$ cat upload.pdb   # PDB, C-alpha atoms and all ligand atoms
MODEL        1
ATOM      1  CA  MET A 364     -27.091   6.052 -22.782  1.00  0.00           C
ATOM      2  CA  PRO A 365     -29.031   9.224 -21.968  1.00  0.00           C
ATOM      3  CA  THR A 366     -27.357  11.544 -19.436  1.00  0.00           C
ATOM      4  CA  PRO A 367     -28.977  13.662 -16.698  1.00  0.00           C
ATOM      5  CA  HIS A 368     -29.274  16.527 -19.199  1.00  0.00           C
ATOM      6  CA  LEU A 369     -29.558  14.887 -22.628  1.00  0.00           C
ATOM      7  CA  SER A 370     -32.144  12.306 -23.652  1.00  0.00           C
ATOM      8  CA  ALA A 371     -30.357  11.369 -26.894  1.00  0.00           C
ATOM      9  CA  GLU A 372     -29.323   7.776 -27.516  1.00  0.00           C
ATOM     10  CA  PRO A 373     -25.747   6.798 -28.399  1.00  0.00           C
ATOM     11  CA  GLY A 374     -25.087   7.777 -32.000  1.00  0.00           C
ATOM     12  CA  ASP A 375     -27.770  10.463 -32.022  1.00  0.00           C
ATOM     13  CA  PHE A 376     -25.179  13.253 -31.938  1.00  0.00           C
ATOM     14  CA  ALA A 377     -22.591  13.631 -34.694  1.00  0.00           C
ATOM     15  CA  ASP A 378     -18.939  14.016 -33.695  1.00  0.00           C
ATOM     16  CA  THR A 379     -19.165  17.655 -34.798  1.00  0.00           C
ATOM     17  CA  VAL A 380     -21.450  19.955 -32.800  1.00  0.00           C
ATOM     18  CA  LEU A 381     -22.340  23.615 -33.260  1.00  0.00           C
ATOM     19  CA  LEU A 382     -23.096  25.309 -29.954  1.00  0.00           C
ATOM     20  CA  PRO A 383     -25.300  28.410 -29.903  1.00  0.00           C
ATOM     21  CA  GLY A 384     -26.361  29.632 -26.468  1.00  0.00           C
ATOM     22  CA  ASP A 385     -29.993  30.069 -27.492  1.00  0.00           C
ATOM     23  CA  PRO A 386     -31.910  26.809 -28.095  1.00  0.00           C
ATOM     24  CA  LEU A 387     -34.165  28.537 -30.652  1.00  0.00           C
ATOM     25  CA  ARG A 388     -31.029  29.414 -32.596  1.00  0.00           C
ATOM     26  CA  ALA A 389     -30.185  25.701 -32.558  1.00  0.00           C
ATOM     27  CA  ARG A 390     -33.512  24.974 -34.231  1.00  0.00           C
ATOM     28  CA  HIS A 391     -32.994  27.819 -36.692  1.00  0.00           C
ATOM     29  CA  ILE A 392     -29.538  26.488 -37.661  1.00  0.00           C
ATOM     30  CA  ALA A 393     -30.881  22.962 -38.163  1.00  0.00           C
ATOM     31  CA  GLU A 394     -33.811  24.182 -40.288  1.00  0.00           C
ATOM     32  CA  ARG A 395     -31.752  26.575 -42.391  1.00  0.00           C
ATOM     33  CA  CYS A 396     -28.511  24.649 -42.872  1.00  0.00           C
ATOM     34  CA  PHE A 397     -28.991  20.916 -42.284  1.00  0.00           C
ATOM     35  CA  GLU A 398     -30.476  18.155 -44.408  1.00  0.00           C
ATOM     36  CA  ASP A 399     -32.080  14.981 -43.026  1.00  0.00           C
ATOM     37  CA  VAL A 400     -32.716  16.679 -39.677  1.00  0.00           C
ATOM     38  CA  GLN A 401     -33.520  14.674 -36.559  1.00  0.00           C
ATOM     39  CA  HIS A 402     -34.581  16.238 -33.261  1.00  0.00           C
ATOM     40  CA  VAL A 403     -32.364  14.505 -30.670  1.00  0.00           C
ATOM     41  CA  ASN A 404     -32.832  16.433 -27.417  1.00  0.00           C
ATOM     42  CA  ALA A 405     -35.477  18.510 -25.679  1.00  0.00           C
ATOM     43  CA  VAL A 406     -34.593  18.017 -22.009  1.00  0.00           C
ATOM     44  CA  ARG A 407     -34.870  21.444 -20.299  1.00  0.00           C
ATOM     45  CA  ASN A 408     -35.575  22.861 -23.765  1.00  0.00           C
ATOM     46  CA  ALA A 409     -31.876  22.548 -24.615  1.00  0.00           C
ATOM     47  CA  LEU A 410     -32.886  21.784 -28.178  1.00  0.00           C
ATOM     48  CA  GLY A 411     -30.562  19.465 -30.080  1.00  0.00           C
ATOM     49  CA  PHE A 412     -30.662  18.401 -33.717  1.00  0.00           C
ATOM     50  CA  THR A 413     -28.549  16.188 -35.969  1.00  0.00           C
ATOM     51  CA  GLY A 414     -28.374  16.247 -39.753  1.00  0.00           C
ATOM     52  CA  THR A 415     -25.883  16.750 -42.537  1.00  0.00           C
ATOM     53  CA  TYR A 416     -24.306  19.842 -44.049  1.00  0.00           C
ATOM     54  CA  ARG A 417     -23.158  19.206 -47.637  1.00  0.00           C
ATOM     55  CA  GLY A 418     -22.862  15.531 -46.741  1.00  0.00           C
ATOM     56  CA  MET A 419     -20.999  16.066 -43.433  1.00  0.00           C
ATOM     57  CA  PRO A 420     -22.747  14.710 -40.327  1.00  0.00           C
ATOM     58  CA  VAL A 421     -23.242  17.551 -37.869  1.00  0.00           C
ATOM     59  CA  SER A 422     -25.294  18.353 -34.766  1.00  0.00           C
ATOM     60  CA  VAL A 423     -26.364  21.551 -33.074  1.00  0.00           C
ATOM     61  CA  LEU A 424     -27.223  21.953 -29.383  1.00  0.00           C
ATOM     62  CA  GLY A 425     -28.361  25.021 -27.449  1.00  0.00           C
ATOM     63  CA  THR A 426     -26.064  25.305 -24.417  1.00  0.00           C
ATOM     64  CA  GLY A 427     -27.893  27.956 -22.421  1.00  0.00           C
ATOM     65  CA  MET A 428     -26.000  30.938 -21.074  1.00  0.00           C
ATOM     66  CA  GLY A 429     -22.760  30.940 -19.119  1.00  0.00           C
ATOM     67  CA  ILE A 430     -19.830  28.639 -18.461  1.00  0.00           C
ATOM     68  CA  PRO A 431     -21.606  26.288 -16.005  1.00  0.00           C
ATOM     69  CA  SER A 432     -24.418  25.462 -18.445  1.00  0.00           C
ATOM     70  CA  ALA A 433     -22.159  25.209 -21.502  1.00  0.00           C
ATOM     71  CA  SER A 434     -19.708  23.036 -19.541  1.00  0.00           C
ATOM     72  CA  ILE A 435     -22.384  20.516 -18.592  1.00  0.00           C
ATOM     73  CA  TYR A 436     -23.536  20.035 -22.183  1.00  0.00           C
ATOM     74  CA  THR A 437     -20.103  19.982 -23.789  1.00  0.00           C
ATOM     75  CA  THR A 438     -18.714  17.574 -21.187  1.00  0.00           C
ATOM     76  CA  GLU A 439     -21.590  15.158 -21.820  1.00  0.00           C
ATOM     77  CA  LEU A 440     -21.282  15.557 -25.600  1.00  0.00           C
ATOM     78  CA  VAL A 441     -17.592  14.640 -25.474  1.00  0.00           C
ATOM     79  CA  THR A 442     -17.578  11.977 -22.766  1.00  0.00           C
ATOM     80  CA  GLN A 443     -20.927  10.268 -23.469  1.00  0.00           C
ATOM     81  CA  TYR A 444     -21.595  10.885 -27.170  1.00  0.00           C
ATOM     82  CA  GLY A 445     -18.090  10.963 -28.651  1.00  0.00           C
ATOM     83  CA  ALA A 446     -18.105  14.573 -29.838  1.00  0.00           C
ATOM     84  CA  LYS A 447     -14.696  15.566 -31.169  1.00  0.00           C
ATOM     85  CA  ARG A 448     -15.228  19.019 -32.719  1.00  0.00           C
ATOM     86  CA  LEU A 449     -17.093  21.695 -30.744  1.00  0.00           C
ATOM     87  CA  VAL A 450     -17.779  25.058 -32.332  1.00  0.00           C
ATOM     88  CA  ARG A 451     -19.495  27.763 -30.304  1.00  0.00           C
ATOM     89  CA  VAL A 452     -21.423  30.253 -32.419  1.00  0.00           C
ATOM     90  CA  GLY A 453     -22.678  33.288 -30.542  1.00  0.00           C
ATOM     91  CA  SER A 454     -22.836  36.987 -30.001  1.00  0.00           C
ATOM     92  CA  CYS A 455     -20.526  39.220 -28.022  1.00  0.00           C
ATOM     93  CA  GLY A 456     -19.918  42.741 -26.817  1.00  0.00           C
ATOM     94  CA  ALA A 457     -16.898  44.430 -28.434  1.00  0.00           C
ATOM     95  CA  VAL A 458     -14.509  46.189 -26.040  1.00  0.00           C
ATOM     96  CA  GLN A 459     -12.217  47.659 -28.732  1.00  0.00           C
ATOM     97  CA  PRO A 460     -13.569  50.946 -30.128  1.00  0.00           C
ATOM     98  CA  GLY A 461     -12.529  49.986 -33.665  1.00  0.00           C
ATOM     99  CA  LEU A 462     -14.614  46.816 -33.745  1.00  0.00           C
ATOM    100  CA  GLY A 463     -17.919  47.651 -35.388  1.00  0.00           C
ATOM    101  CA  LEU A 464     -21.295  46.013 -34.962  1.00  0.00           C
ATOM    102  CA  ARG A 465     -21.601  42.741 -36.947  1.00  0.00           C
ATOM    103  CA  SER A 466     -17.830  42.171 -36.991  1.00  0.00           C
ATOM    104  CA  VAL A 467     -16.914  38.478 -36.922  1.00  0.00           C
ATOM    105  CA  ILE A 468     -14.424  37.378 -34.262  1.00  0.00           C
ATOM    106  CA  LEU A 469     -12.551  34.091 -33.904  1.00  0.00           C
ATOM    107  CA  GLY A 470     -11.598  33.454 -30.288  1.00  0.00           C
ATOM    108  CA  VAL A 471      -7.940  32.403 -30.441  1.00  0.00           C
ATOM    109  CA  GLY A 472      -7.878  32.395 -26.653  1.00  0.00           C
ATOM    110  CA  ALA A 473     -10.424  32.990 -23.908  1.00  0.00           C
ATOM    111  CA  CYS A 474      -9.655  34.923 -20.721  1.00  0.00           C
ATOM    112  CA  THR A 475     -12.133  34.610 -17.871  1.00  0.00           C
ATOM    113  CA  ASP A 476     -13.040  35.622 -14.345  1.00  0.00           C
ATOM    114  CA  SER A 477     -14.465  32.134 -13.843  1.00  0.00           C
ATOM    115  CA  ASN A 478     -12.505  29.683 -11.687  1.00  0.00           C
ATOM    116  CA  VAL A 479     -13.286  26.567 -13.740  1.00  0.00           C
ATOM    117  CA  ASN A 480      -9.964  26.222 -15.524  1.00  0.00           C
ATOM    118  CA  ARG A 481      -8.005  26.873 -12.328  1.00  0.00           C
ATOM    119  CA  VAL A 482      -9.901  23.988 -10.761  1.00  0.00           C
ATOM    120  CA  ARG A 483      -8.835  21.841 -13.706  1.00  0.00           C
ATOM    121  CA  TYR A 484      -5.250  23.089 -13.697  1.00  0.00           C
ATOM    122  CA  GLY A 485      -4.054  22.786 -10.109  1.00  0.00           C
ATOM    123  CA  GLY A 486      -4.963  26.343  -9.129  1.00  0.00           C
ATOM    124  CA  MET A 487      -2.791  27.839 -11.873  1.00  0.00           C
ATOM    125  CA  ASP A 488      -3.804  29.981 -14.880  1.00  0.00           C
ATOM    126  CA  PHE A 489      -4.561  27.760 -17.862  1.00  0.00           C
ATOM    127  CA  ALA A 490      -4.278  29.368 -21.307  1.00  0.00           C
ATOM    128  CA  ALA A 491      -7.643  28.363 -22.792  1.00  0.00           C
ATOM    129  CA  THR A 492      -7.148  28.288 -26.548  1.00  0.00           C
ATOM    130  CA  ALA A 493      -8.928  27.308 -29.727  1.00  0.00           C
ATOM    131  CA  ASP A 494      -7.781  24.362 -31.813  1.00  0.00           C
ATOM    132  CA  PHE A 495      -5.377  25.691 -34.420  1.00  0.00           C
ATOM    133  CA  GLY A 496      -6.687  23.492 -37.232  1.00  0.00           C
ATOM    134  CA  LEU A 497     -10.275  24.673 -36.673  1.00  0.00           C
ATOM    135  CA  LEU A 498      -9.058  28.256 -36.427  1.00  0.00           C
ATOM    136  CA  ARG A 499      -7.117  27.991 -39.675  1.00  0.00           C
ATOM    137  CA  THR A 500      -9.978  26.476 -41.679  1.00  0.00           C
ATOM    138  CA  ALA A 501     -12.450  29.025 -40.277  1.00  0.00           C
ATOM    139  CA  VAL A 502     -10.138  31.783 -41.546  1.00  0.00           C
ATOM    140  CA  GLU A 503      -9.984  30.040 -44.917  1.00  0.00           C
ATOM    141  CA  ALA A 504     -13.784  29.711 -45.056  1.00  0.00           C
ATOM    142  CA  ALA A 505     -14.225  33.398 -44.222  1.00  0.00           C
ATOM    143  CA  GLU A 506     -11.737  34.359 -46.933  1.00  0.00           C
ATOM    144  CA  GLN A 507     -13.632  32.257 -49.475  1.00  0.00           C
ATOM    145  CA  ARG A 508     -16.846  34.056 -48.498  1.00  0.00           C
ATOM    146  CA  GLY A 509     -15.135  37.449 -48.598  1.00  0.00           C
ATOM    147  CA  VAL A 510     -15.857  38.123 -44.923  1.00  0.00           C
ATOM    148  CA  GLU A 511     -13.270  39.884 -42.783  1.00  0.00           C
ATOM    149  CA  VAL A 512     -12.549  38.126 -39.477  1.00  0.00           C
ATOM    150  CA  HIS A 513     -10.793  39.446 -36.376  1.00  0.00           C
ATOM    151  CA  LEU A 514      -8.577  37.013 -34.484  1.00  0.00           C
ATOM    152  CA  GLY A 515      -7.591  37.387 -30.848  1.00  0.00           C
ATOM    153  CA  ASN A 516      -8.471  36.929 -27.213  1.00  0.00           C
ATOM    154  CA  VAL A 517     -12.039  37.104 -26.020  1.00  0.00           C
ATOM    155  CA  HIS A 518     -13.194  37.309 -22.403  1.00  0.00           C
ATOM    156  CA  SER A 519     -15.740  34.834 -21.003  1.00  0.00           C
ATOM    157  CA  SER A 520     -17.501  36.642 -18.210  1.00  0.00           C
ATOM    158  CA  ASP A 521     -19.405  35.098 -15.307  1.00  0.00           C
ATOM    159  CA  LEU A 522     -21.493  38.248 -14.892  1.00  0.00           C
ATOM    160  CA  PHE A 523     -23.491  39.801 -17.709  1.00  0.00           C
ATOM    161  CA  TYR A 524     -24.374  42.668 -15.368  1.00  0.00           C
ATOM    162  CA  ASP A 525     -20.904  43.301 -13.980  1.00  0.00           C
ATOM    163  CA  PRO A 526     -20.669  46.087 -11.383  1.00  0.00           C
ATOM    164  CA  ARG A 527     -17.003  46.814 -12.218  1.00  0.00           C
ATOM    165  CA  ASP A 528     -17.194  49.895 -14.434  1.00  0.00           C
ATOM    166  CA  GLU A 529     -13.492  49.733 -15.295  1.00  0.00           C
ATOM    167  CA  LEU A 530     -13.657  46.195 -16.729  1.00  0.00           C
ATOM    168  CA  VAL A 531     -14.114  47.147 -20.382  1.00  0.00           C
ATOM    169  CA  ALA A 532     -11.037  49.402 -20.222  1.00  0.00           C
ATOM    170  CA  THR A 533      -9.032  46.673 -18.479  1.00  0.00           C
ATOM    171  CA  MET A 534      -9.891  44.177 -21.214  1.00  0.00           C
ATOM    172  CA  ALA A 535      -9.275  46.650 -24.007  1.00  0.00           C
ATOM    173  CA  GLY A 536      -5.934  47.627 -22.474  1.00  0.00           C
ATOM    174  CA  MET A 537      -4.782  44.017 -22.680  1.00  0.00           C
ATOM    175  CA  GLY A 538      -5.849  43.733 -26.309  1.00  0.00           C
ATOM    176  CA  VAL A 539      -8.929  41.592 -25.660  1.00  0.00           C
ATOM    177  CA  LEU A 540     -11.452  41.968 -28.484  1.00  0.00           C
ATOM    178  CA  ALA A 541     -14.813  41.196 -26.943  1.00  0.00           C
ATOM    179  CA  VAL A 542     -16.732  39.775 -24.011  1.00  0.00           C
ATOM    180  CA  GLU A 543     -19.094  36.800 -24.084  1.00  0.00           C
ATOM    181  CA  MET A 544     -19.924  34.090 -21.544  1.00  0.00           C
ATOM    182  CA  GLU A 545     -18.939  30.561 -22.632  1.00  0.00           C
ATOM    183  CA  ALA A 546     -15.724  30.181 -24.654  1.00  0.00           C
ATOM    184  CA  ALA A 547     -13.254  29.693 -21.769  1.00  0.00           C
ATOM    185  CA  GLY A 548     -15.463  26.943 -20.342  1.00  0.00           C
ATOM    186  CA  ILE A 549     -15.795  25.142 -23.658  1.00  0.00           C
ATOM    187  CA  TYR A 550     -12.050  25.387 -24.331  1.00  0.00           C
ATOM    188  CA  GLY A 551     -11.398  24.004 -20.841  1.00  0.00           C
ATOM    189  CA  VAL A 552     -13.743  21.067 -21.403  1.00  0.00           C
ATOM    190  CA  ALA A 553     -12.102  20.349 -24.758  1.00  0.00           C
ATOM    191  CA  ALA A 554      -8.621  20.427 -23.200  1.00  0.00           C
ATOM    192  CA  GLU A 555      -9.643  18.196 -20.312  1.00  0.00           C
ATOM    193  CA  HIS A 556     -11.236  15.561 -22.523  1.00  0.00           C
ATOM    194  CA  GLY A 557      -9.112  15.706 -25.666  1.00  0.00           C
ATOM    195  CA  ALA A 558     -11.621  17.344 -28.009  1.00  0.00           C
ATOM    196  CA  ARG A 559     -11.052  20.259 -30.393  1.00  0.00           C
ATOM    197  CA  ALA A 560     -12.910  23.540 -29.980  1.00  0.00           C
ATOM    198  CA  LEU A 561     -13.404  26.917 -31.598  1.00  0.00           C
ATOM    199  CA  THR A 562     -15.490  30.010 -30.857  1.00  0.00           C
ATOM    200  CA  VAL A 563     -16.953  32.148 -33.639  1.00  0.00           C
ATOM    201  CA  LEU A 564     -18.724  35.337 -32.573  1.00  0.00           C
ATOM    202  CA  THR A 565     -20.484  38.316 -34.071  1.00  0.00           C
ATOM    203  CA  VAL A 566     -20.511  41.685 -32.372  1.00  0.00           C
ATOM    204  CA  SER A 567     -24.057  42.443 -31.212  1.00  0.00           C
ATOM    205  CA  ASP A 568     -23.101  45.141 -28.718  1.00  0.00           C
ATOM    206  CA  GLN A 569     -20.413  47.840 -28.931  1.00  0.00           C
ATOM    207  CA  LEU A 570     -19.580  48.334 -25.280  1.00  0.00           C
ATOM    208  CA  VAL A 571     -17.469  51.470 -25.845  1.00  0.00           C
ATOM    209  CA  THR A 572     -20.015  53.393 -27.899  1.00  0.00           C
ATOM    210  CA  GLY A 573     -23.178  51.758 -26.547  1.00  0.00           C
ATOM    211  CA  GLU A 574     -24.460  50.770 -30.029  1.00  0.00           C
ATOM    212  CA  ARG A 575     -26.454  47.536 -30.448  1.00  0.00           C
ATOM    213  CA  VAL A 576     -27.593  45.651 -33.547  1.00  0.00           C
ATOM    214  CA  SER A 577     -31.292  45.479 -34.381  1.00  0.00           C
ATOM    215  CA  ALA A 578     -33.162  42.176 -34.093  1.00  0.00           C
ATOM    216  CA  ASP A 579     -33.200  41.747 -37.895  1.00  0.00           C
ATOM    217  CA  ASP A 580     -29.486  42.412 -38.235  1.00  0.00           C
ATOM    218  CA  ARG A 581     -28.795  40.080 -35.349  1.00  0.00           C
ATOM    219  CA  GLN A 582     -30.411  37.209 -37.284  1.00  0.00           C
ATOM    220  CA  ARG A 583     -28.720  38.016 -40.598  1.00  0.00           C
ATOM    221  CA  THR A 584     -25.227  38.365 -39.169  1.00  0.00           C
ATOM    222  CA  PHE A 585     -25.796  35.272 -37.055  1.00  0.00           C
ATOM    223  CA  ASP A 586     -26.531  33.331 -40.260  1.00  0.00           C
ATOM    224  CA  ASP A 587     -23.333  34.621 -41.920  1.00  0.00           C
ATOM    225  CA  MET A 588     -21.275  33.507 -38.949  1.00  0.00           C
ATOM    226  CA  VAL A 589     -22.846  30.032 -38.933  1.00  0.00           C
ATOM    227  CA  ASP A 590     -22.052  29.644 -42.639  1.00  0.00           C
ATOM    228  CA  ILE A 591     -18.395  30.429 -41.925  1.00  0.00           C
ATOM    229  CA  ALA A 592     -18.339  27.966 -39.026  1.00  0.00           C
ATOM    230  CA  LEU A 593     -19.892  25.186 -41.128  1.00  0.00           C
ATOM    231  CA  ASP A 594     -17.643  25.803 -44.136  1.00  0.00           C
ATOM    232  CA  GLY A 595     -14.610  25.833 -41.826  1.00  0.00           C
ATOM    233  CA  LEU A 596     -15.661  22.461 -40.447  1.00  0.00           C
ATOM    234  CA  LEU A 597     -16.052  21.089 -43.985  1.00  0.00           C
ATOM    235  CA  LEU A 598     -12.546  22.265 -44.871  1.00  0.00           C
ATOM    236  CA  ASP A 599     -11.159  20.801 -41.635  1.00  0.00           C
ATOM    237  CA  ALA A 600     -12.742  17.463 -42.608  1.00  0.00           C
ATOM    238  CA  GLY A 601     -11.093  17.657 -46.033  1.00  0.00           C
ATOM    239  CA  ARG A 602     -14.405  18.178 -47.824  1.00  0.00           C
ATOM    240  CA  PRO A 603     -14.990  20.781 -50.547  1.00  0.00           C
ATOM    241  CA  VAL A 604     -17.079  23.800 -49.533  1.00  0.00           C
ATOM    242  CA  ALA A 605     -18.712  24.320 -52.920  1.00  0.00           C
ATOM    243  CA  GLY A 606     -20.927  21.902 -54.805  1.00  0.00           C
ATOM    244  CA  GLY A 607     -20.995  19.330 -51.947  1.00  0.00           C
TER     245      GLY A 607
HETATM  246  N1  LIG B 701     -21.500  40.757 -22.291  1.00  0.00           N
HETATM  247  C1  LIG B 701     -21.453  39.433 -22.223  1.00  0.00           C
HETATM  248  N2  LIG B 701     -21.914  38.661 -23.184  1.00  0.00           N
HETATM  249  C2  LIG B 701     -22.451  39.244 -24.270  1.00  0.00           C
HETATM  250  C3  LIG B 701     -22.530  40.618 -24.403  1.00  0.00           C
HETATM  251  C4  LIG B 701     -22.025  41.408 -23.362  1.00  0.00           C
HETATM  252  O1  LIG B 701     -22.072  42.646 -23.406  1.00  0.00           O
HETATM  253  N3  LIG B 701     -23.138  40.887 -25.586  1.00  0.00           N
HETATM  254  C5  LIG B 701     -23.411  39.708 -26.166  1.00  0.00           C
HETATM  255  N4  LIG B 701     -22.996  38.697 -25.373  1.00  0.00           N
ENDMDL
END

$ encode --input "upload.pdb" --output "structure tokens"
Amino acid sequence: MPTPHLSAEPGDFADTVLLPGDPLRARHIAERCFEDVQHVNAVRNALGFTGTYRGMPVSVLGTGMGIPSASIYTTELVTQYGAKRLVRVGSCGAVQPGLGLRSVILGVGACTDSNVNRVRYGGMDFAATADFGLLRTAVEAAEQRGVEVHLGNVHSSDLFYDPRDELVATMAGMGVLAVEMEAAGIYGVAAEHGARALTVLTVSDQLVTGERVSADDRQRTFDDMVDIALDGLLLDAGRPVAGG
């Protein structure tokens, strides 16, 4: 049954969903990577598509920006459409000086200044973590593609324009790799509803040096990251990554 935010019918979404923030990226992923593509959602322009990747049923849905928006879509995907594997693919700002532009990061855990997981967890601090199986196969997929990945904590921020100047140093001092805006919410939704989740990011902004990737580079590195995410999902499903 359609939900308040998704017009898709039962069965329209696969049990595996890629989650870019930008709906146009969702369309780009479907057009570039999927076969037998169906357009399954356009409510609020949160574009959603379902197809196959090397024979594996897979969907992609633009979540919009921030934990509240991503939480709405992922909750409905899991509770109403039976999604079991959620993989966020997005960009981030690196807070470690050694992390260059276009680096690929796997979010082992997600810190946050959002209250959502405290609400879920009786007011206490919940350790929002990726699913280990998805993490392991994403590492394997990256190795097979010869791409270096950085594993560690990310920070899911409520404010893109945060007035606290010291925040980057605070994160870096605790070993956090990068800041983005959704992972902790998606991990919380997955924990609450028994789904598995992972976050794969590319560094678009170096917050220590102030460097940013160009629009062209942003697209190319985004594509590389999506390929790793999809190959990792194939491996997790016990399917070969080469030759289909
Ligand atoms: N902050 C939060 N999210 C981001 C950033 C950032 O600097 N860059 C890309 N996503």

$ axis_aligned_box --input "upload.pdb" --around "ligand LIG 701 (chain B)" --padding-each-side "4 Å" --output "AutoDock Vina command-line options"
--center_x -22.4 --center_y 40.7 --center_z -24.2 --size_x 10.0 --size_y 12.0 --size_z 11.9

$ closest_residue --input "upload.pdb" --among "A:Gly418, A:Pro383, A:Pro431, A:Gly496" --to "Asp399 in chain A" --atoms "all atoms listed in the file"
A:Gly418

$ residues_around --input "upload.pdb" --residues "Arg448 in chain A" --least-positions-apart "6" --cutoff "8 Å" --atoms "all atoms listed in the file" --output "list in words"
Asp378, Thr379, Val380, Ala558, Arg559 and Ala560 of chain A

$ residues_around --input "upload.pdb" --residues "Ala473 in chain A" --least-positions-apart "5" --cutoff "9 Å" --atoms "all atoms listed in the file" --output "ChimeraX atom specification"
/A:490-493,515-519,539,545-548,550

$ residues_near_ligand --input "upload.pdb" --ligand "ligand LIG 701 (chain B)" --cutoff "6 Å" --atoms "only C-alpha atoms and all ligand atoms" --output "VMD selection string"
chain A and resid 454 to 456 523 542 to 544 567 to 568

$ resolve_selection --input "upload.pdb" --expression "the PyMOL selection byres (((chain A and resi 502) around 10) and not hetatm)" --output "list in words"
Leu469, Gly496, Leu497, Leu498, Arg499, Thr500, Ala501, Glu503, Ala504, Ala505, Glu506, Gln507, Arg508, Val510, Glu511, Val512, His513, Leu514, Ile591, Ala592, Asp594 and Gly595 of chain A

$ residues_around --input "upload.pdb" --residues "Arg583 in chain A" --least-positions-apart "5" --cutoff "12 Å" --atoms "all atoms listed in the file" --output "JSON, numbers by chain"
{"A": [388, 391, 392, 395, 465, 565, 567, 576, 577, 578, 588, 589, 590]}

$ residues_around --input "upload.pdb" --residues "Asp528 in chain A" --least-positions-apart "5" --cutoff "12 Å" --atoms "only C-alpha atoms" --output "mmCIF file with C-alpha atoms, in the frame of the given file"
data_model
loop_
_atom_site.group_PDB
_atom_site.id
_atom_site.type_symbol
_atom_site.label_atom_id
_atom_site.label_comp_id
_atom_site.auth_asym_id
_atom_site.auth_seq_id
_atom_site.Cartn_x
_atom_site.Cartn_y
_atom_site.Cartn_z
ATOM 1 C CA THR A 533 -9.032 46.673 -18.479
ATOM 2 C CA MET A 534 -9.891 44.177 -21.214
ATOM 3 C CA LEU A 570 -19.580 48.334 -25.280
ATOM 4 C CA VAL A 571 -17.469 51.470 -25.845
#

$ closest_residue --input "upload.pdb" --among "A:Arg483, A:Arg407, A:Arg451, A:Arg527" --to "Pro367 in chain A" --atoms "all atoms listed in the file"
A:Arg407

$ atom_distance --input "upload.pdb" --atom1 "CA of Arg581 in chain A" --atom2 "CA of Val566 in chain A"
8.9 Å

$ closest_residue --input "upload.pdb" --among "A:Val421, A:Glu574, A:Ile468, A:Cys474" --to "Lys447 in chain A" --atoms "only C-alpha atoms"
A:Val421

$ closest_residue --input "upload.pdb" --among "A:Arg602, A:Gln569, A:Ala393, A:Ala553" --to "Gly461 in chain A" --atoms "only C-alpha atoms"
A:Gln569

$ atom_distance --input "upload.pdb" --atom1 "CA of Ser434 in chain A" --atom2 "CA of Val479 in chain A"
9.3 Å

$ closest_residue --input "upload.pdb" --among "A:Glu394, A:Asp587, A:Asp579, A:Asp375" --to "Gly509 in chain A" --atoms "only C-alpha atoms"
A:Asp587

$ resolve_selection --input "upload.pdb" --expression "the PyMOL selection byres (((chain A and resi 377) around 12) and not hetatm)" --output "PyMOL selection string"
chain A and resi 371-376+378-381+400-401+403+411-416+419-424+440-441+443-449

$ closest_residue --input "upload.pdb" --among "A:Pro460, A:Leu561, A:Phe585, A:Thr426" --to "Phe495 in chain A" --atoms "only C-alpha atoms"
A:Leu561

$ atom_distance --input "upload.pdb" --atom1 "CA of Val467 in chain A" --atom2 "CA of Thr584 in chain A"
8.6 Å
